[in-house]
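Okay, so here's the structure we're looking at.
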Amino acid sequence: MERNHNIPTFNPRLKVMNRKQAQAIHDAAIDILNTTGFVMAHDGVLEMLLDAGCELNQDNRVIMPAHLVEDAIISAPKQINLYDQHGELSMPLAGENLFFGTGSDTIFTIDPETGQRRRTNLEDTGNFARLVDALPNMDFSMSMGNPEDADIEDIYIQVFQQMVNNSNKPICFIADNGQDIQSIYDIACSVAGGEQQLREKPFLFNYSEAISPLFFPENVMEKLVFCSEKEIPICLPSGCNAGGGGPVTLAGSMAQGIAENFVGLVIHQLVNKGAPFLFAPNVSVLDMKYTVVSYGCTEWSLTQAAFADMRDELYNIPIWSFAGSTDAKTLDAQAGAEAMLSVITAMLSRCNVIHDVGYIESGHTSSLEMVAMCDELVGMGRYFLGGISVNDQTLALDVIDRVTKGPDNAIFLGDPHTFTHFKQAHFLPELMDRSRFELWEKNGQKDLHARCNEKVRQILDAHEVADPKNDPEPKAAEVPAS
């Protein structure tokens, strides 16, 4: 009997929170804004909030009514499109689409030549951007450093130049205030070909943070207002780490983090209704033994999966999250274990923008080798998310019949079906070693760190970044004259 075996693929998915739990945390966040309130240090934004219906209580804390939050959730875009510098859509942030990139602002890095931990410099930012440009599973760049050889007054401008010059992929950038974000914007307009072109096809988005618990500084609001006016996509994560910036319980910190994110969302939508904004609560934990914010903890992976469930159940706004980080001090077994936990849970919960790939030492240090390793982990995860294809070709009944009835000792390795399908059917790692012991020994007995370092150095030596305008000269972004 002939059967049709073309069956839709089921893609694995992780859920950790039901709708009742999501609604309870949402309601708690609304209660925080209605009762505890928040401190707003920007006079213009404060006036705008009061005009919109907020009130100041006796402690000069802003009390926000629920309808402002509801209106902002409705008006925020449900899809944000990010482009590369060629003008090609590369990150459509919507639904279950997911994209990975590096982090920012580390003080130290691991030198790929010496293996030593040292202060970061501008060249490091360029190297990380170039590595991201070359890696197939990294989708966007961040600076990965606060370079010691950059002037503090324009440090974020200089690192943005490094990222523009060394990668064509989208850029998540940091700024300090309204002054340097204007300079960064001017560079981006120059690269895109003008302000309207950048608005139509943005290749950058901004990362900024309020201060937990519930304090919104003037410079942070300057950036938020600027991005809203210019329609630069922005995320405003909470700094609400359980036991430090927020309650020690995960549900309490999640509620506070959402409340802080709602403040940013409301202001953003009041300035320019419909401007692109990423839903970005951010809850890790403060380690109670060492008082560091953990980047390898299970709790952060759990809360970001829960936030993804809240996106699905309540908000439908693209979500910001993290993965590919570790508290380990070097690329070792701990680093691999913690990185893979965060990578696979971020993917299984379908977080949209996943950053901090390549952090070690609890976010204090960056590692090119860690980025290279995580690129392969993401590739493994993408394969897993693809599920199992079930159709006539993959069931291979004719192949089983042919090989089984063939010569004695026949195996499937030599069958044409194997050569046709093995690259699609299997994940083929580059850095994970599957060779026999004798071959591994002959090739120098290299461990994973050595293989990652070798790949990094090859890319930095040989990878050329294509000029988006197809000019023969190397890419170079300059700060427009003021």
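If you're wondering about the labels, chains in the structure tokens are A, B, ... by order shown, residues count from 1 in each chain, ligands from 1 in order shown.
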
Per-residue nearest contacts segment 264-371 of chain A to segment 423-447 of chain A, cut-off 12 Å, using only C-alpha atoms, as JSON lines:
{"residue": "A:Leu331", "atom": "CA", "partner": "A:Asp447", "partner_atom": "CA", "distance": 10.4}
{"residue": "A:Asp332", "atom": "CA", "partner": "A:Asp447", "partner_atom": "CA", "distance": 9.7}
{"residue": "A:Ala333", "atom": "CA", "partner": "A:Asp447", "partner_atom": "CA", "distance": 10.9}
{"residue": "A:Gly336", "atom": "CA", "partner": "A:Met432", "partner_atom": "CA", "distance": 11.3}
{"residue": "A:Glu369", "atom": "CA", "partner": "A:Leu431", "partner_atom": "CA", "distance": 10.8}
{"residue": "A:Met370", "atom": "CA", "partner": "A:Leu431", "partner_atom": "CA", "distance": 11.7}

message: What parts of segment 253-429 of chain A does DSSP call helix (DSSP H, G or I)? I'd like the answer as a VMD selection string.
response: chain A and resid 253 to 271 298 to 315 333 to 348 361 to 363 368 to 385 392 to 395 397 to 404 412 to 414 416 to 425

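Secondary structure by DSSP on the backbone puts the following residues of segment 53-106 of chain A in strand (DSSP E or B): Glu55, Leu56, Val62, Ile63, Ile80, Asn81, Leu82, Tyr83, Leu89, Ser90, Met91, Pro92, Leu93, Phe99, Phe100, Gly101 and Thr102 of chain A.
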
field: One-decimal distance in Å that lies between atom CA of Ala94 of chain A and atom CA of Leu270 of chain A
entry: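 Straight-line distance from atom CA of Leu270 of chain A to atom CA of Ala94 of chain A works out to 22.5 Å.
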
- line: Atom pair atom CA of Phe128 of chain A + atom CA of Ser143 of chain A, distance 7.5 Å

task: Go through A:Lys230, A:His86, A:His463, A:Arg382 one by one, measure the shortest atom-to-atom distance of each to Val164 of chain A using only C-alpha atoms, and give the residue with the smallest value.
output: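 Among the listed residues, the smallest separation from Val164 of chain A belongs to A:His86.
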
task: Between atom CA of Met40 of chain A and atom CA of Ser228 of chain A, measure the distance and give it in Å to one decimal.
output: 17.6 Å
